[in-house]
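Engineer: The structure follows.
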Amino acid sequence: MKEISVIMPAYNVEKYIEKCLKSLENQCFKNFEVIIVNDGSTDKTEKIILDYQSKSKLDIKYFYEENAGQAYARNKAMAKASGKYVAFIDSDDYIDSDYLQQLELCAENYESDMVSCGYRVIDEAGKIRSECNISPFAPESGFGRAGIFAIWGRLIRRDFIMRNHIFFPVGKIYEDVPFAISAKFYAKNVRSLSYVGYNYCHHPGSTLRKGTVNSSKFPMAELDETSGIHKKYS
């Protein structure tokens with residue numbers, strides 16, 4: 001069994017996914033698997049993944065689904081995961097080489113259900129536009145900067161997720177928010193690191209830059225109760 005299962009949904013990310021995979025291959029921590037769910041991509045995303053799977057030393061488990069959305073893809077990947085911990089990464093982002101090592105070391109030292117770290121915002125040209133340190137007053141702490149609900153930038157104990165039935169609401173956008181709130185509510189011994197190791201990339205296809213969105217897509221009801229049953233995605 002791997003120590004960490006890295007969960008990655010992928011949809012039409014032919015321009016970005018190779019950089020994401022290279023950042024995983026360059027991790028100094030090696031005891032992890034990568035679970036990729038291709039959410040019905042229509043570009044060369046699948047070919048890039050399969051080529052990388054055949055040539056790389058990464059332990060990649062690949063699944064294809066007809067387009068059902070990022071929430072479903074993440075839930076599917078969680079059902080296939082075997083690691084002690086799960087880490088979520090978006091396929092158009094990338095991570096520093098010591099990212100998994102830093103989070104896993106903290107989780108083990110404190111027996112944490114969830115460890116979080118800071119992130120950088122990267123623009124289309126690859127320039128750093130901003131940086132967020134979620135523990136600015138100490139190298140690590142039992143609290144973090146409020147109001148950050150992205151699910152990436154975290155390492156979470158898998159049995160904790162399953163035991164508390166925390167899943168992503170299918171058919172919604174910003175599905176990170178109810179998941180992150182539920183995880184923070186149920187978790188014991190949450191730790192936050194001043195370490196900044198996740199690179200969040202803004203580009204024209206990002207959810208936050210898609211213009212107007214139908215209000216029915218916001219996960220309002222799920223803010224009180226996460227949806228989904230583990231066996232549905234098995």
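Each chain in the structure tokens gets a letter, A, B, ..., in the order shown, and its residues are numbered from 1; ligands are numbered from 1 in order too.
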Enumerate as a ChimeraX atom specification all residues of range 141-182 of chain A assigned to strand (DSSP E) by DSSP on the backbone, naming them with the chain letters and numbers the document uses.
Structural biologist: /A:141,154-157
Engineer: If we count only C-alpha atoms, what is near range 83-100 of chain A at a cut-off of 7 Å, once residues fewer than 3 positions away on the same chain are taken out, given as a PyMOL selection string?
Structural biologist: chain A and resi 1-10+13+16-17+19-20+23+26-29+103-104+151-152+154-158+197-201
Engineer: Point out the residue among A:Lys184, A:Phe160, A:Pro136, A:Val196 with the least atom-to-atom distance to Gly118 in chain A, counting only C-alpha atoms.
Structural biologist: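 Among the listed residues, the smallest separation from Gly118 in chain A belongs to A:Val196.
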Engineer: Select from range 112-199 of chain A everything DSSP, run on the backbone, classes as alpha helix (DSSP H), then give the selection as a PDB file with N, CA and C atoms, in the first residue's frame.
Structural biologist:
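As a result, result_29.pdb now contains:
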```
ATOM      1  N   ARG A 158      -6.983   9.284   4.629  1.00  0.00           N
ATOM      2  CA  ARG A 158      -8.064   8.700   3.814  1.00  0.00           C
ATOM      3  C   ARG A 158      -9.150   8.044   4.663  1.00  0.00           C
ATOM      4  N   ASP A 159      -8.758   7.313   5.706  1.00  0.00           N
ATOM      5  CA  ASP A 159      -9.801   6.659   6.507  1.00  0.00           C
ATOM      6  C   ASP A 159     -10.670   7.685   7.228  1.00  0.00           C
ATOM      7  N   PHE A 160     -10.121   8.865   7.511  1.00  0.00           N
ATOM      8  CA  PHE A 160     -10.911   9.942   8.099  1.00  0.00           C
ATOM      9  C   PHE A 160     -11.991  10.412   7.122  1.00  0.00           C
ATOM     10  N   ILE A 161     -11.642  10.548   5.840  1.00  0.00           N
ATOM     11  CA  ILE A 161     -12.619  10.953   4.816  1.00  0.00           C
ATOM     12  C   ILE A 161     -13.734   9.923   4.707  1.00  0.00           C
ATOM     13  N   MET A 162     -13.361   8.667   4.624  1.00  0.00           N
ATOM     14  CA  MET A 162     -14.347   7.609   4.435  1.00  0.00           C
ATOM     15  C   MET A 162     -15.220   7.413   5.676  1.00  0.00           C
ATOM     16  N   ARG A 163     -14.618   7.505   6.825  1.00  0.00           N
ATOM     17  CA  ARG A 163     -15.356   7.311   8.079  1.00  0.00           C
ATOM     18  C   ARG A 163     -16.428   8.376   8.285  1.00  0.00           C
ATOM     19  N   ASP A 176     -15.181  22.358  -3.915  1.00  0.00           N
ATOM     20  CA  ASP A 176     -14.175  22.310  -2.852  1.00  0.00           C
ATOM     21  C   ASP A 176     -14.734  22.813  -1.523  1.00  0.00           C
ATOM     22  N   VAL A 177     -15.616  23.815  -1.596  1.00  0.00           N
ATOM     23  CA  VAL A 177     -16.025  24.536  -0.386  1.00  0.00           C
ATOM     24  C   VAL A 177     -16.728  23.636   0.627  1.00  0.00           C
ATOM     25  N   PRO A 178     -17.815  22.917   0.263  1.00  0.00           N
ATOM     26  CA  PRO A 178     -18.450  22.047   1.264  1.00  0.00           C
ATOM     27  C   PRO A 178     -17.538  20.919   1.731  1.00  0.00           C
ATOM     28  N   PHE A 179     -16.678  20.412   0.826  1.00  0.00           N
ATOM     29  CA  PHE A 179     -15.742  19.354   1.227  1.00  0.00           C
ATOM     30  C   PHE A 179     -14.768  19.891   2.271  1.00  0.00           C
ATOM     31  N   ALA A 180     -14.173  21.047   1.997  1.00  0.00           N
ATOM     32  CA  ALA A 180     -13.182  21.617   2.912  1.00  0.00           C
ATOM     33  C   ALA A 180     -13.794  21.979   4.261  1.00  0.00           C
ATOM     34  N   ILE A 181     -15.007  22.541   4.243  1.00  0.00           N
ATOM     35  CA  ILE A 181     -15.669  22.909   5.488  1.00  0.00           C
ATOM     36  C   ILE A 181     -15.964  21.663   6.324  1.00  0.00           C
ATOM     37  N   SER A 182     -16.473  20.620   5.679  1.00  0.00           N
ATOM     38  CA  SER A 182     -16.760  19.376   6.402  1.00  0.00           C
ATOM     39  C   SER A 182     -15.485  18.777   6.986  1.00  0.00           C
ATOM     40  N   ALA A 183     -14.415  18.777   6.187  1.00  0.00           N
ATOM     41  CA  ALA A 183     -13.152  18.215   6.659  1.00  0.00           C
ATOM     42  C   ALA A 183     -12.632  18.995   7.865  1.00  0.00           C
ATOM     43  N   LYS A 184     -12.705  20.313   7.800  1.00  0.00           N
ATOM     44  CA  LYS A 184     -12.237  21.131   8.927  1.00  0.00           C
ATOM     45  C   LYS A 184     -13.101  20.906  10.168  1.00  0.00           C
ATOM     46  N   PHE A 185     -14.396  20.706   9.954  1.00  0.00           N
ATOM     47  CA  PHE A 185     -15.316  20.522  11.079  1.00  0.00           C
ATOM     48  C   PHE A 185     -15.067  19.205  11.801  1.00  0.00           C
ATOM     49  N   TYR A 186     -14.872  18.131  11.027  1.00  0.00           N
ATOM     50  CA  TYR A 186     -14.735  16.805  11.626  1.00  0.00           C
ATOM     51  C   TYR A 186     -13.306  16.466  12.054  1.00  0.00           C
TER      52      TYR A 186
END
```
Engineer: Hey, which of A:Ala77, A:Leu21, A:Ala68, A:Ala125 ends up closest to Lys55 in chain A? Count only C-alpha atoms.
Structural biologist: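 For Lys55 in chain A, the nearest of the candidates is A:Leu21.
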Engineer: For Tyr110 in chain A, work out the shell of residues within 10 Å, counting only C-alpha atoms and skipping chain neighbours fewer than 3 positions away, then give it as a list of chain:residue names.
Structural biologist: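 With the cut-off at 10 Å, the set is A:Leu105, A:Cys106, A:Ala107, A:Asp113, A:Met114, A:Val115, A:Asn189, A:Val190, A:Arg191.
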Engineer: If you count only C-alpha atoms, which residues fall within 8 Å of Tyr72 in chain A, apart from same-chain ones fewer than 3 positions away, as a PyMOL selection string?
Structural biologist: chain A and resi 68-69+75-76+168-171
Engineer: Identify which of the residues A:Val37, A:Leu24, A:Ile166, A:Ala73 lies closest to Gln101 in chain A, counting only C-alpha atoms when measuring atom-to-atom distances.
Structural biologist: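 Under the stated criterion, the closest residue is A:Leu24.
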Engineer: Identify which of the residues A:Gln70, A:Thr42, A:Asn31, A:Asn12 lies closest to Glu175 in chain A, counting only C-alpha atoms when measuring atom-to-atom distances.
Structural biologist: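 The closest residue to Glu175 in chain A is A:Gln70.
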